[in-house]
Structure formats: structure tokens, C-alpha cells
Amino acid sequence: MARVLVVEDSPDQARLIAGLLESGGFTAEIAPTGERAIEAMAKSPPDLVVTDLIMPGINGLELVERIKERYPHVPVILMTAFGSGEIAARALQNGAASYVPKRRLHDELVSTVRETLSVAHARREERRIIDYLQDSEHRFVLENDPNLVPPLVAWLQGTIRSRIERFDDTELMQIGIALHEALINAMHHGNLEVSSELRDAGGEVYRELIEQRLKDAGYRDRRVFLTVNLSASELVCVIRDEGPGFDPRSVADPTAPQNLEKVSGRGLYLIWTFMDRVAHNETGNQITLVKQFEKHVEAVH
Amino acid sequence: LTDPDSFDETALTRLQEMVGADVMKEVVELYREHTPQRIEAAREGLRSGVLEHVARAMHTLKSSAAMIGASRVETLASRLEQLATQGRSETLAPQLDELETAAARVESYLRARE
């Protein structure tokens, strides 16, 4: 059973967050300050940390930086509220794995913890070496099944790891999360045409519509096409769905911290923060993600 | 008392279904214990002119209220946080009074619900 450390100075919120995690099958421990979190981690590092951002003493941003330094394998999820957008944006740039708006904790905390752990664990387990590979292109055709995403992310992380020496673990996790978000977007929003805005009305409605669409061949039989191109200098992932697309200009600026709170834009926000270049095609059914490796040492081969 | 603008009962019920009655009881007790302290911290911040303390207390109260469905308290705390952040101390006192009234309503609702 995975252990989650909850860092939250408000006792009522901390109890509720721990309760939600317990109901999701996790063991939760509470640290009321960043300092106490660091002490607890020194005794026994948890599998994942969920933290508030605005706290007396060490705030969420500093905590993320310290965890990244001492425990790079422990992913951190931020809990955001209106007013903490700026600091959350910086924490994501400095190594946090994901975030959940506090207003959406009941609907999204447990699933975000699960997804983040699946990416983090997969990364640790997948250490295959692909020798003598200079430049490779891989093409996948996927059904609209989110269960396909974690193994695919693990494969990609393992492939990058085997080619680029001393690759930063946090960055590898962030690439994994960006790809995860882009693939889920393509399945749910692209192919099944279930609007992410429905989540604002409650996760139940959102999930029910997905179930319904999966029974309808018109939606179900659409596929997601992923092309991964990996060279020593960069990673390029192109994800295309068979849905009607959307107007990419209609999305609120995904790079603006104030848009962090828009549930519907969360995936795009993470993608834009974690990748070096992001582009949509005109019709909005294809997204290209680019991560450059120049700043890293040369490829192994 | 339970009009949807001031309290979203479904939020509380839904949470209780997720975390169980015992945890929810603890959460509500902690909320009831800490809310007066947060309002007092904001008043103290206003008296001493340290608006950062007002903003911080309201930032916390806003999320605590949102979680249990106290919508009116959440809205007012959020507004107070913004006003304090913008340094607009002249408008804070009447808003804080309004918040206190809304919080008292939630308190009587939660007490009756026990």
C-alpha cells in the first residue's frame, strides 16, 4: 500500500485530505509544516508527497526544491487555490509532478495520486537498454483505453533513460506526465468528445459519458496515433486523434499561472510547463510535444 | 439556513460518502474549532495594519469553507483575501463583519446537524 505524506497547515483540510487518500486505498500521514515534512521524510521517505503551497515557514515551493534535491524519486503533487497560481507555476517548473485545485480534491486527488505513482513506479522499473540506437521512430495506434497509457509512458522513459546518460529524474517524470496528459486528452476529449468542462460539473457526469461513448462504435472505434521520434538531441512526440478537433486559439492561455485553476485546462497547462515546445495543428486534433536534450550530456552511443 | 448560496449540503453529503461519517465528524469539528480563530487572526491583522495576515487567514478559511460546502463563507473569504492583497484596508472591516455573520450561520447549521 503506497504511503502518502500530506503537508498542510490547516488541520481540518489535512484531516479531510488524509481521509480522501485513505478512502482511495493509500496510507496517509500528516505533516503540519514544511519543516515537519522534511523531518518525517528523513525518518522514512513516503512514496509521494501532496503539499499545500502557502504555509508559514517553509512554503510549498521551497519544499519542492528540497525534496527534489534530497529525494528526487519522490513525486510531489501541489494543492492549489486562487491566489497561489504564481507559486504553483514556479513549483511545477522546479520539479513538482502535478497539481490539483483544492476545490476539486474530492474528485481529482485520488486519481491524480494514482496516475502520478503509476508514472513514477513505471520509471523505476523500466530500465531496458537499447544498444546502438542512433535515431528511432516508433508508431503506435491506440484504442481509447487509458490503461494503455502507463506502460507506454514507462516504455518511453526507459528508452530515454537508456540513451541519455545521467538524465534528470524529475525531468523524466515530467516528460512522462506531459505524454500521459496528451494521450488522455486525445482519448477522452478528442476521440470520445467528452468535454473536460464537464468535470467542473462533477467527475461522475464526466465518467458516465465516457462509459456511454465507449459503447457507441462511432466513438469507440476511433484511434489515437502516436509517433515518437528520439534522437540524441531531442524527443518529438506527435499525438493525433480522430475526433473533430477544436480551435486551439479558443483555449485560455495555458502558460498563464492564473489559468491553473481552470480544471479543463490542467492537462494543457502541465504539457506547456513540462515540454520545451508545444504545437497544435490547425484543426486541433493533433499536438506535437518537443523536449530538447542539448543541455544534457551526450547520448550514450 | 441551507439555501444553496450559503451552504451546499450535497458537498458535505458527498464527502461523507467518500471518507465515512467518523472522518467527516472530525473534519467538521476541526472546521468549527478553527474558523473563529481565523476570523480573529484577520481582525488582529486589520487592527495592527498587517494586511498580509488578513490575506493568509482568509486564504486558509476560503479553502476550508469550500471543502465542506460553505459557499457563502468561501466567497466572502476569497473577496477579503483579494482586498487585503491589494492593500484596500478601508473596505475590509464591513466585509469582515459580513463574513462573520455568514460563518455564524454555518456554525448553527453544523451544530444542528450534529
# chains A, B, ... in the order shown; residues from 1 in each chain; ligands from 1
>>> interface_residues(of="chain A", to="chain B", cutoff="8 Å", atoms="only C-alpha atoms", output="PDB file with N, CA and C atoms, in the first residue's frame")
ATOM      1  N   SER A  10      -3.492  23.595   7.667  1.00  0.00           N
ATOM      2  CA  SER A  10      -4.851  23.731   8.177  1.00  0.00           C
ATOM      3  C   SER A  10      -5.353  22.349   8.625  1.00  0.00           C
ATOM      4  N   PRO A  11      -5.615  22.153   9.953  1.00  0.00           N
ATOM      5  CA  PRO A  11      -5.910  20.809  10.457  1.00  0.00           C
ATOM      6  C   PRO A  11      -7.170  20.188   9.861  1.00  0.00           C
ATOM      7  N   ASP A  12      -8.207  21.003   9.619  1.00  0.00           N
ATOM      8  CA  ASP A  12      -9.437  20.426   9.057  1.00  0.00           C
ATOM      9  C   ASP A  12      -9.198  19.939   7.623  1.00  0.00           C
ATOM     10  N   GLN A  13      -8.479  20.765   6.851  1.00  0.00           N
ATOM     11  CA  GLN A  13      -8.192  20.355   5.467  1.00  0.00           C
ATOM     12  C   GLN A  13      -7.291  19.122   5.449  1.00  0.00           C
ATOM     13  N   ARG A  15      -7.049  16.743   7.637  1.00  0.00           N
ATOM     14  CA  ARG A  15      -7.789  15.536   8.004  1.00  0.00           C
ATOM     15  C   ARG A  15      -8.618  15.033   6.823  1.00  0.00           C
ATOM     16  N   LEU A  16      -9.234  15.973   6.129  1.00  0.00           N
ATOM     17  CA  LEU A  16     -10.094  15.597   5.005  1.00  0.00           C
ATOM     18  C   LEU A  16      -9.256  15.001   3.861  1.00  0.00           C
ATOM     19  N   GLY A  19      -8.259  11.634   4.771  1.00  0.00           N
ATOM     20  CA  GLY A  19      -9.439  10.774   4.657  1.00  0.00           C
ATOM     21  C   GLY A  19      -9.706  10.368   3.212  1.00  0.00           C
ATOM     22  N   LEU A  20      -9.573  11.321   2.305  1.00  0.00           N
ATOM     23  CA  LEU A  20      -9.798  11.020   0.881  1.00  0.00           C
ATOM     24  C   LEU A  20      -8.770  10.007   0.383  1.00  0.00           C
ATOM     25  N   GLU A  22      -7.096   7.860   2.217  1.00  0.00           N
ATOM     26  CA  GLU A  22      -7.364   6.552   2.843  1.00  0.00           C
ATOM     27  C   GLU A  22      -8.506   5.849   2.115  1.00  0.00           C
ATOM     28  N   SER A  23      -9.542   6.625   1.754  1.00  0.00           N
ATOM     29  CA  SER A  23     -10.669   6.001   1.055  1.00  0.00           C
ATOM     30  C   SER A  23     -10.236   5.499  -0.323  1.00  0.00           C
ATOM     31  N   ALA A  81      -4.946  26.897  -4.880  1.00  0.00           N
ATOM     32  CA  ALA A  81      -6.192  27.645  -4.678  1.00  0.00           C
ATOM     33  C   ALA A  81      -5.995  28.987  -5.372  1.00  0.00           C
ATOM     34  N   GLY A  83      -5.042  32.451  -5.900  1.00  0.00           N
ATOM     35  CA  GLY A  83      -4.094  33.209  -5.086  1.00  0.00           C
ATOM     36  C   GLY A  83      -2.755  32.500  -4.959  1.00  0.00           C
ATOM     37  N   LYS A 102      -7.638  22.877  -4.987  1.00  0.00           N
ATOM     38  CA  LYS A 102      -8.251  22.443  -3.727  1.00  0.00           C
ATOM     39  C   LYS A 102      -9.755  22.233  -3.863  1.00  0.00           C
ATOM     40  N   ARG A 103     -10.372  23.021  -4.720  1.00  0.00           N
ATOM     41  CA  ARG A 103     -11.820  22.878  -4.894  1.00  0.00           C
ATOM     42  C   ARG A 103     -12.191  21.534  -5.518  1.00  0.00           C
ATOM     43  N   HIS A 106     -11.923  16.362  -3.899  1.00  0.00           N
ATOM     44  CA  HIS A 106     -12.785  15.184  -3.743  1.00  0.00           C
ATOM     45  C   HIS A 106     -12.873  14.376  -5.040  1.00  0.00           C
TER      46      HIS A 106
END
>>> select_by_dssp(residues="range 69-103 of chain A", states="strand (DSSP E or B)", output="list in words")
Val76, Ile77, Leu78, Met79, Thr80, Ser98, Tyr99, Val100 and Pro101 of chain A
>>> residues_around(residues="Leu92 in chain B", least_positions_apart="4", cutoff="9 Å", atoms="only C-alpha atoms", output="list in words")
Leu46, Leu80, Leu83, Ala84, Arg88, Leu96 and Asp97 of chain B
>>> atom_distance(atom1="CA of Met1 in chain A", atom2="CA of Val76 in chain A")
17.6 Å
>>> closest_atom_pairs(of="range 159-273 of chain A", to="range 284-293 of chain A", cutoff="10 Å", atoms="only C-alpha atoms", output="CSV")
residue,atom,partner,partner_atom,distance
A:Ile164,CA,A:Phe293,CA,8.3
A:Phe167,CA,A:Phe293,CA,9.0
A:Glu171,CA,A:Lys291,CA,9.8
A:Ile175,CA,A:Lys291,CA,7.9
A:Ala178,CA,A:Leu289,CA,8.4
A:Leu179,CA,A:Leu289,CA,8.1
A:Ala182,CA,A:Ile287,CA,7.8
A:Leu183,CA,A:Ile287,CA,9.7
A:Ala186,CA,A:Asn285,CA,7.7
A:His189,CA,A:Asn285,CA,9.7
A:Gly190,CA,A:Asn285,CA,6.6
A:Asn191,CA,A:Asn285,CA,9.0
A:Val224,CA,A:Gln286,CA,9.7
A:Phe225,CA,A:Gln286,CA,9.1
A:Leu226,CA,A:Gln286,CA,9.7
A:Thr227,CA,A:Thr288,CA,9.4
A:Val228,CA,A:Leu289,CA,9.6
A:Asn229,CA,A:Val290,CA,9.6
A:Leu230,CA,A:Lys291,CA,9.7
A:Ser231,CA,A:Phe293,CA,9.0
A:Ala232,CA,A:Phe293,CA,7.0
A:Ser233,CA,A:Phe293,CA,4.9
A:Glu234,CA,A:Gln292,CA,4.3
A:Leu235,CA,A:Lys291,CA,5.2
A:Val236,CA,A:Val290,CA,4.6
A:Cys237,CA,A:Leu289,CA,5.1
A:Val238,CA,A:Thr288,CA,4.4
A:Ile239,CA,A:Ile287,CA,5.4
A:Arg240,CA,A:Gln286,CA,4.2
A:Asp241,CA,A:Asn285,CA,5.5
A:Glu242,CA,A:Asn285,CA,6.9
A:Gly243,CA,A:Asn285,CA,6.6
A:Pro244,CA,A:Asn285,CA,6.9
A:Gly245,CA,A:Asn285,CA,4.3
A:Phe246,CA,A:Gly284,CA,4.7
A:Asp247,CA,A:Gly284,CA,5.7
A:Pro248,CA,A:Gly284,CA,5.6
A:Arg249,CA,A:Gly284,CA,9.2
A:Ile271,CA,A:Leu289,CA,8.0
A:Trp272,CA,A:Leu289,CA,8.7
>>> residues_around(residues="Pro56 in chain A", least_positions_apart="3", cutoff="10 Å", atoms="only C-alpha atoms", output="PyMOL selection string")
(chain A and resi 9+32-35+53+59-60) or (chain B and resi 56)
>>> residues_around(residues="range 37-47 of chain A", least_positions_apart="5", cutoff="10 Å", atoms="only C-alpha atoms", output="ChimeraX atom specification")
/A:1-8,27-32,58,63,66-67,70-71,73-76,117,120-121
>>> select_by_dssp(residues="range 70-259 of chain A", states="alpha helix (DSSP H)", output="PyMOL selection string")
chain A and resi 70+85-93+105-125+149-163+169-184+203-214+217-220
>>> residues_around(residues="Asn94 in chain A", least_positions_apart="5", cutoff="10 Å", atoms="only C-alpha atoms", output="NGL selection string")
:A and (61-62 or 64-65 or 68 or 88-89 or 170-171 or 274)
>>> residues_around(residues="range 148-150 of chain A", least_positions_apart="3", cutoff="7 Å", atoms="only C-alpha atoms", output="VMD selection string")
chain A and resid 118 to 119 145 153 to 154 180
>>> write_last_selection(atoms="N, CA, C and O atoms", output="tab-separated table (two decimals), in the first residue's frame")
chain	number	residue	atom	x	y	z
A	118	SER	N	1.80	5.75	-10.88
A	118	SER	CA	1.99	4.77	-11.95
A	118	SER	C	3.13	5.22	-12.86
A	118	SER	O	3.95	4.42	-13.28
A	119	VAL	N	3.22	6.53	-13.10
A	119	VAL	CA	4.31	7.05	-13.93
A	119	VAL	C	5.64	6.90	-13.19
A	119	VAL	O	6.63	6.43	-13.74
A	145	ASP	N	-8.22	3.45	-24.47
A	145	ASP	CA	-8.14	2.78	-23.18
A	145	ASP	C	-7.02	3.40	-22.35
A	145	ASP	O	-5.84	3.20	-22.64
A	153	VAL	N	4.09	5.14	-21.34
A	153	VAL	CA	4.93	6.17	-20.73
A	153	VAL	C	6.20	5.52	-20.17
A	153	VAL	O	7.31	6.03	-20.34
A	154	ALA	N	6.03	4.34	-19.55
A	154	ALA	CA	7.19	3.63	-18.99
A	154	ALA	C	8.17	3.26	-20.08
A	154	ALA	O	9.38	3.40	-19.93
A	180	HIS	N	1.40	11.52	-20.79
A	180	HIS	CA	0.20	10.95	-20.18
A	180	HIS	C	-1.00	11.87	-20.40
A	180	HIS	O	-2.05	11.45	-20.89
>>> closest_residue(among="B:Ala93, B:Ala102, B:Val50, B:Leu110", to="Thr75 in chain B", atoms="only C-alpha atoms")
B:Ala102
>>> atom_distance(atom1="CA of Gln86 in chain B", atom2="CA of Leu92 in chain A")
25.6 Å
>>> closest_residue(among="A:Val100, A:Thr273, A:Gly95, A:Leu48", to="Thr116 in chain A", atoms="only C-alpha atoms")
A:Leu48
